[in-house]
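This report refers to the structure that appears directly beneath it.
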Amino acid sequence: MAERPAGGPGGAEAPGLGALRAHRVYARRWLFLLVLGLLSCSNATLWLSFAPVADTIAQSFRLSTEQINWLSLVFLVVSIPSGVVAIWVLDSFGLRWAIVLCAWLNLAGSVLRTLPSMNIGTQAPFAFLMGGQSLCAMAQTLVIFSPAKLAAVWFPEHQRATANMIGTMSNPLGILVANLLSPALVKEEQGISIMLGAYIILAGLACLLATTCLWESVPPTPPSAGAAHSTSEKFLDGLKLLMRNKAYVILAVCFGGGIGICSSFSALLEQVLCVNGYSNEFAGLCGALFIAFGILGALVLGLYVDRTKHFTEAIKIGFCLTSVVCVAFALVSQLQGQMFALATICSLLGLFGFSVAPVAMELAVECSFPVGEGAAAGLVFVLGQAEGMLTMLLLTALAVRRGQPSFSTCRDGQDPLDWRVSMLLMAGLCTLFSCCLVLFFHTPYRRLQAEASTSPSIQEGCPAAADHVPYRRLQGEASRSPSIQDGCPAESP
């Protein structure tokens, strides 16, 4: 319902009042976020469902370790070309169509990869497994790019980082489920078909909700001044602006490298640990701790950043602590009988490393505004997948077969691999990216500055707005305009 003008003489409306009243939030934004989170979780379970039981999968389908690695690596390869298309789809057709397309690709891939386990005469199981994983990989780019866009166009300024955190961390939650569920279901080869079928259920539910419950890409009324100008740049023009933005390029390269390291860590964890006598169940536990503490850290950090707007400080400190823990993992993972130490290290690696992901996505949008959120967050992820592919290929290439007796529990029937050089390289890359980020990354928060200048009021009901640097910097400008302190935008169904 339209608002009646109010304010000065003759009904003149105070500057900033119209902007405040033109912003409204809708309760159904949480349903959109729920569907997106469920879909992201499902996609992540499909990505790494094979990694925790790599040796059993290899034995059952008569595949090599390299082929099993490619079932995870294909996500990194496919997402590079499909990621550019996903950015275009997201910014051109909107969130709803991107999510629906993602849901159907995800479901189709989950069904296709189950065919080799159904005894229907498939002669090339690897082709079906790879085909299914490829479809899921195309879906991944759409769902990974969406949280920043959803947070920007549906959520008010003081909830954006939290919404982005929930949407982004649903993906590692899926990895957590895969690390726990796959080893629990695949005790023997007979459990493989049960595991593959279980993952179809989640994909089917996400597809049903996405198709039936999402009816619009943007709310009727924007929740903030930034949302009103979302994706104001055309697709190609936006990409050109990103390539010329020094701060964005540094963030994309460094955070993309972090994505690559985390992807390689998750995909190779079981293979690294089984060499020194650790079971699949323990490797799954370490992977689960990595994700669980990452989600916990992201929750705390998201709420903190929503309140303080200390994006840059949070990501720099997180990267530095991650580098220290990564070095510790490279050393301790080569020792036997260090279960408590490894579990602690994996927990800290998730707490410091995974938790900065949603903050980095928000920071990518802040430093690149007014480029569309899909392009800003998507290009970071595409670069991260490219770096992840190169990192994983390099780490596996440097791992050589051991000839001497070992305590290996790997069940692929081959001599165990020596991962020492690979793990030291991973720690070195993490340290390099951290140093570059700390030394060279500096940026203003462009979106927050734009919102402060458009709606200069600092609202009592939204205390976060008063705390961050861009608002303090623009406080003098705001004081020269009448301030409206009516609280946050009203909420509608």
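Chain identifiers are assigned as A, B, and so on, following the order in which chains appear in the structure tokens; residues are numbered from 1 within each chain, and ligands are numbered from 1 in order of appearance.
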
Go through region 139-202 of chain A and flag each residue having an atom no more than 10 Å from region 34-54 of chain A; for those, report the closest pair of atoms plus their distance in Å to one decimal, using only C-alpha atoms, ordered by chain and rising number, as CSV.
```
residue,atom,partner,partner_atom,distance
A:Ala139,CA,A:Asn43,CA,7.5
A:Gln140,CA,A:Asn43,CA,6.4
A:Leu142,CA,A:Ser40,CA,9.4
A:Val143,CA,A:Ser40,CA,5.9
A:Ile144,CA,A:Ser40,CA,7.1
A:Ser146,CA,A:Leu36,CA,7.9
A:Pro147,CA,A:Leu36,CA,7.7
A:Leu150,CA,A:Leu36,CA,9.0
A:Ile166,CA,A:Gly37,CA,7.1
A:Gly167,CA,A:Gly37,CA,5.1
A:Thr168,CA,A:Gly37,CA,7.7
A:Met169,CA,A:Gly37,CA,8.1
A:Ser170,CA,A:Cys41,CA,5.1
A:Asn171,CA,A:Cys41,CA,4.7
A:Pro172,CA,A:Ala44,CA,6.9
A:Leu173,CA,A:Cys41,CA,6.0
A:Gly174,CA,A:Cys41,CA,4.1
A:Ile175,CA,A:Thr45,CA,5.4
A:Leu176,CA,A:Thr45,CA,8.0
A:Val177,CA,A:Thr45,CA,6.5
A:Ala178,CA,A:Thr45,CA,5.0
A:Asn179,CA,A:Pro52,CA,5.9
A:Leu180,CA,A:Pro52,CA,8.5
A:Leu181,CA,A:Ser49,CA,8.3
A:Ser182,CA,A:Ser49,CA,6.1
A:Pro183,CA,A:Val53,CA,6.1
A:Ala184,CA,A:Val53,CA,9.7
A:Leu185,CA,A:Val53,CA,9.7
A:Val186,CA,A:Val53,CA,7.2
A:Lys187,CA,A:Val53,CA,9.0
A:Glu188,CA,A:Val53,CA,10.0
A:Ile192,CA,A:Val53,CA,9.4
A:Met195,CA,A:Ser49,CA,8.3
A:Leu196,CA,A:Ser49,CA,8.3
A:Tyr199,CA,A:Leu46,CA,6.9
A:Ile200,CA,A:Ser42,CA,8.6
A:Ile201,CA,A:Ser42,CA,9.1
A:Leu202,CA,A:Ser42,CA,5.8
```

Hey, could you make a per-residue contact list for region 263-378 of chain A against region 428-451 of chain A with 8 Å as the cut-off, showing the nearest pair of atoms and its distance in Å to one decimal, counting only C-alpha atoms, sorted by chain and number, as a tab-separated table?
```
residue	atom	partner	partner_atom	distance
A:Thr312	CA	A:His442	CA	7.8
A:Lys316	CA	A:Val438	CA	5.7
A:Phe319	CA	A:Ser434	CA	5.3
A:Cys320	CA	A:Ser434	CA	5.7
A:Thr322	CA	A:Cys430	CA	7.7
A:Ser323	CA	A:Thr431	CA	5.0
A:Val324	CA	A:Thr431	CA	7.8
A:Cys326	CA	A:Cys430	CA	7.3
A:Val327	CA	A:Gly428	CA	7.7
A:Leu363	CA	A:Tyr445	CA	7.8
A:Val365	CA	A:Arg447	CA	7.6
A:Glu366	CA	A:Tyr445	CA	5.0
A:Cys367	CA	A:Tyr445	CA	5.6
A:Ser368	CA	A:Arg446	CA	7.1
A:Phe369	CA	A:Arg447	CA	5.4
A:Pro370	CA	A:Arg447	CA	7.1
```

Report task. Enumerate, as a ChimeraX atom specification, the complete set of residues in region 45-270 of chain A that a backbone-based DSSP assignment places in alpha helix (DSSP H). Result -> /A:45-47,54-61,65-93,95-112,125-154,160-185,191-213,225-228,235-243,246-270

**Report entry** Counting only C-alpha atoms, the option among A:Val380, A:Met426, A:Leu33, A:Leu393 closest to Leu214 (chain A)
**Finding:**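 Checking each of A:Val380, A:Met426, A:Leu33, A:Leu393 against Leu214 (chain A), counting only C-alpha atoms, the winner is A:Leu33.
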
Sort by chain and increasing residue number a table of all residues of region 250-279 of chain A within 9 Å of region 70-83 of chain A, each with its closest pair of atoms and their distance in Å to one decimal, counting only C-alpha atoms, and write it as a Markdown table.
```
| residue | atom | partner | partner_atom | distance |
| --- | --- | --- | --- | --- |
| A:Gly260 | CA | A:Leu76 | CA | 8.8 |
| A:Ser263 | CA | A:Leu76 | CA | 8.8 |
| A:Ser264 | CA | A:Leu73 | CA | 8.7 |
| A:Ala267 | CA | A:Ser72 | CA | 6.6 |
```

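The residue that comes closest to Phe293 (chain A), out of A:Arg24, A:Ala86, A:Leu236, A:Ser347 and on the basis of only C-alpha atoms, is A:Ser347.
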
Report task. Tell me, as a VMD selection string, which residues lie within 12 Å of Trp88 (chain A), counting only C-alpha atoms; anything in the same chain fewer than 6 positions away does not count. Result -> chain A and resid 81 to 82 94 to 95 97 to 98 141 to 142 145 231 233 to 239 372 to 376 378 to 379

Restricted to N, CA, C and O atoms, what would the selected residues look like written as a short mmCIF file (atom, residue, chain, number, x, y, z; two decimals), in the first residue's frame?
```
data_model
loop_
_atom_site.label_atom_id
_atom_site.label_comp_id
_atom_site.auth_asym_id
_atom_site.auth_seq_id
_atom_site.Cartn_x
_atom_site.Cartn_y
_atom_site.Cartn_z
N PRO A 81 33.93 -23.18 -17.61
CA PRO A 81 33.13 -22.62 -18.71
C PRO A 81 31.67 -22.39 -18.32
O PRO A 81 31.06 -21.38 -18.71
N SER A 82 31.08 -23.32 -17.56
CA SER A 82 29.67 -23.15 -17.20
C SER A 82 29.47 -22.01 -16.22
O SER A 82 28.38 -21.44 -16.12
N GLY A 94 17.42 -13.81 -13.77
CA GLY A 94 16.99 -13.67 -12.39
C GLY A 94 17.18 -14.93 -11.56
O GLY A 94 17.47 -16.01 -12.07
N LEU A 95 16.98 -14.75 -10.27
CA LEU A 95 17.23 -15.82 -9.31
C LEU A 95 16.31 -17.02 -9.51
O LEU A 95 16.75 -18.17 -9.44
N TRP A 97 14.65 -18.39 -12.08
CA TRP A 97 14.93 -19.30 -13.19
C TRP A 97 16.29 -19.98 -13.03
O TRP A 97 16.45 -21.14 -13.40
N ALA A 98 17.23 -19.26 -12.45
CA ALA A 98 18.54 -19.87 -12.20
C ALA A 98 18.43 -21.02 -11.20
O ALA A 98 19.03 -22.09 -11.39
N THR A 141 27.48 -24.29 -10.26
CA THR A 141 27.81 -22.89 -10.51
C THR A 141 26.61 -21.98 -10.26
O THR A 141 26.75 -20.87 -9.74
N LEU A 142 25.42 -22.45 -10.61
CA LEU A 142 24.22 -21.64 -10.40
C LEU A 142 23.91 -21.46 -8.92
O LEU A 142 23.55 -20.36 -8.49
N PHE A 145 26.66 -19.24 -6.90
CA PHE A 145 26.67 -17.81 -7.19
C PHE A 145 25.46 -17.08 -6.59
O PHE A 145 25.45 -15.86 -6.51
N THR A 231 22.58 -5.03 -9.92
CA THR A 231 22.87 -5.40 -11.31
C THR A 231 22.61 -4.25 -12.26
O THR A 231 22.01 -4.43 -13.32
N GLU A 233 24.81 -2.68 -13.91
CA GLU A 233 25.72 -2.77 -15.04
C GLU A 233 25.36 -3.97 -15.92
O GLU A 233 24.99 -5.03 -15.42
N LYS A 234 25.49 -3.81 -17.24
CA LYS A 234 25.26 -4.92 -18.15
C LYS A 234 26.34 -5.98 -17.95
O LYS A 234 27.42 -5.72 -17.43
N PHE A 235 26.04 -7.19 -18.42
CA PHE A 235 26.90 -8.35 -18.15
C PHE A 235 28.34 -8.10 -18.59
O PHE A 235 29.27 -8.18 -17.78
N LEU A 236 28.57 -7.81 -19.86
CA LEU A 236 29.93 -7.63 -20.37
C LEU A 236 30.59 -6.39 -19.77
O LEU A 236 31.79 -6.41 -19.45
N ASP A 237 29.81 -5.33 -19.60
CA ASP A 237 30.37 -4.12 -18.99
C ASP A 237 30.80 -4.40 -17.56
O ASP A 237 31.83 -3.89 -17.09
N GLY A 238 30.00 -5.21 -16.86
CA GLY A 238 30.35 -5.56 -15.49
C GLY A 238 31.65 -6.35 -15.41
O GLY A 238 32.49 -6.11 -14.54
N LEU A 239 31.82 -7.31 -16.32
CA LEU A 239 33.06 -8.09 -16.33
C LEU A 239 34.27 -7.21 -16.60
O LEU A 239 35.34 -7.39 -16.01
N GLY A 372 26.86 -6.29 -10.90
CA GLY A 372 25.88 -7.22 -10.37
C GLY A 372 26.48 -8.23 -9.41
O GLY A 372 27.62 -8.67 -9.58
N GLU A 373 25.70 -8.62 -8.41
CA GLU A 373 26.18 -9.56 -7.39
C GLU A 373 26.52 -10.92 -7.99
O GLU A 373 27.46 -11.59 -7.55
N GLY A 374 25.76 -11.34 -8.99
CA GLY A 374 26.05 -12.63 -9.63
C GLY A 374 27.42 -12.64 -10.27
O GLY A 374 28.18 -13.61 -10.16
N ALA A 375 27.76 -11.55 -10.96
CA ALA A 375 29.06 -11.46 -11.60
C ALA A 375 30.19 -11.34 -10.58
O ALA A 375 31.23 -11.99 -10.69
N ALA A 376 29.98 -10.51 -9.56
CA ALA A 376 31.02 -10.27 -8.56
C ALA A 376 31.37 -11.53 -7.78
O ALA A 376 32.54 -11.88 -7.61
N GLY A 378 30.32 -14.65 -8.63
CA GLY A 378 30.53 -15.76 -9.55
C GLY A 378 31.93 -15.83 -10.11
O GLY A 378 32.52 -16.91 -10.21
N LEU A 379 32.49 -14.69 -10.47
CA LEU A 379 33.83 -14.69 -11.05
C LEU A 379 34.87 -15.14 -10.04
O LEU A 379 35.85 -15.82 -10.38
#
```

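Residue neighbourhood of Val111 (chain A), excluding near-sequence residues (fewer than 4 positions): Leu107, Leu115, Gly132 and Ile200 of chain A, at 8 Å, using only C-alpha atoms.
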
Report task. From a DSSP pass on the backbone, collect the residues of region 316-433 of chain A flagged as strand (DSSP E or B) and hand them back as a PyMOL selection string. Result -> chain A and resi 400-401+417-418

Residues from last step as file, N, CA and C atoms, as a PDB file, in the first residue's frame:
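Final file, again32.pdb:
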```pdb
ATOM      1  N   VAL A 400      53.874 -39.779  -5.125  1.00  0.00           N
ATOM      2  CA  VAL A 400      54.506 -40.926  -5.781  1.00  0.00           C
ATOM      3  C   VAL A 400      54.249 -42.189  -4.966  1.00  0.00           C
ATOM      4  N   ARG A 401      54.316 -43.336  -5.633  1.00  0.00           N
ATOM      5  CA  ARG A 401      54.085 -44.613  -4.974  1.00  0.00           C
ATOM      6  C   ARG A 401      55.244 -44.983  -4.054  1.00  0.00           C
ATOM      7  N   LEU A 417      50.553 -44.101  -1.664  1.00  0.00           N
ATOM      8  CA  LEU A 417      51.193 -42.897  -2.187  1.00  0.00           C
ATOM      9  C   LEU A 417      51.895 -42.135  -1.071  1.00  0.00           C
ATOM     10  N   ASP A 418      52.948 -41.434  -1.432  1.00  0.00           N
ATOM     11  CA  ASP A 418      53.672 -40.559  -0.507  1.00  0.00           C
ATOM     12  C   ASP A 418      53.210 -39.119  -0.762  1.00  0.00           C
TER      13      ASP A 418
END
```

Report summary line: Closest of A:Asn280, A:Gln271, A:Ser224, A:Gln133 to Pro156 (chain A), counting only C-alpha atoms, is A:Ser224

Query - Minimum-distance residue to Leu105 (chain A), chosen among A:Ser92, A:Phe128, A:Leu135, A:Thr162 (using only C-alpha atoms) - result: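 Of A:Ser92, A:Phe128, A:Leu135, A:Thr162, the one nearest Leu105 (chain A), counting only C-alpha atoms, is A:Leu135.
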
Query - Top pick for closest residue to Cys274 (chain A), considering A:Val218, A:Phe352, A:Gln334, A:Val249 and counting only C-alpha atoms - result: A:Gln334

**Report entry** Spatial neighbours of Ala357 (chain A), 12 Å, only C-alpha atoms, chain gap at least 3 places, as number ranges by chain
**Finding:** A: 144, 147-148, 161, 164-172, 251-252, 254-259, 262, 294-295, 297-299, 301-302, 311, 314-316, 318-319, 350-354, 360-364, 377, 380-381, 384

Query raised in the report: Do you know which residues are at most 10 Å from Ser60 (chain A) counting only C-alpha atoms, after dropping those on the same chain fewer than 2 positions away, and could you put them as a list in words?
Result: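 In the requested form, the answer reads Asp55, Thr56, Ile57, Ala58, Arg62, Leu63, Ser117, Glu188, Glu189, Gln190, Ile192 and Asp412 of chain A.
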
Report task. State, in Å with one decimal place, the distance from CA of Leu205 (chain A) to CA of Gly388 (chain A). Result -> 29.6 Å
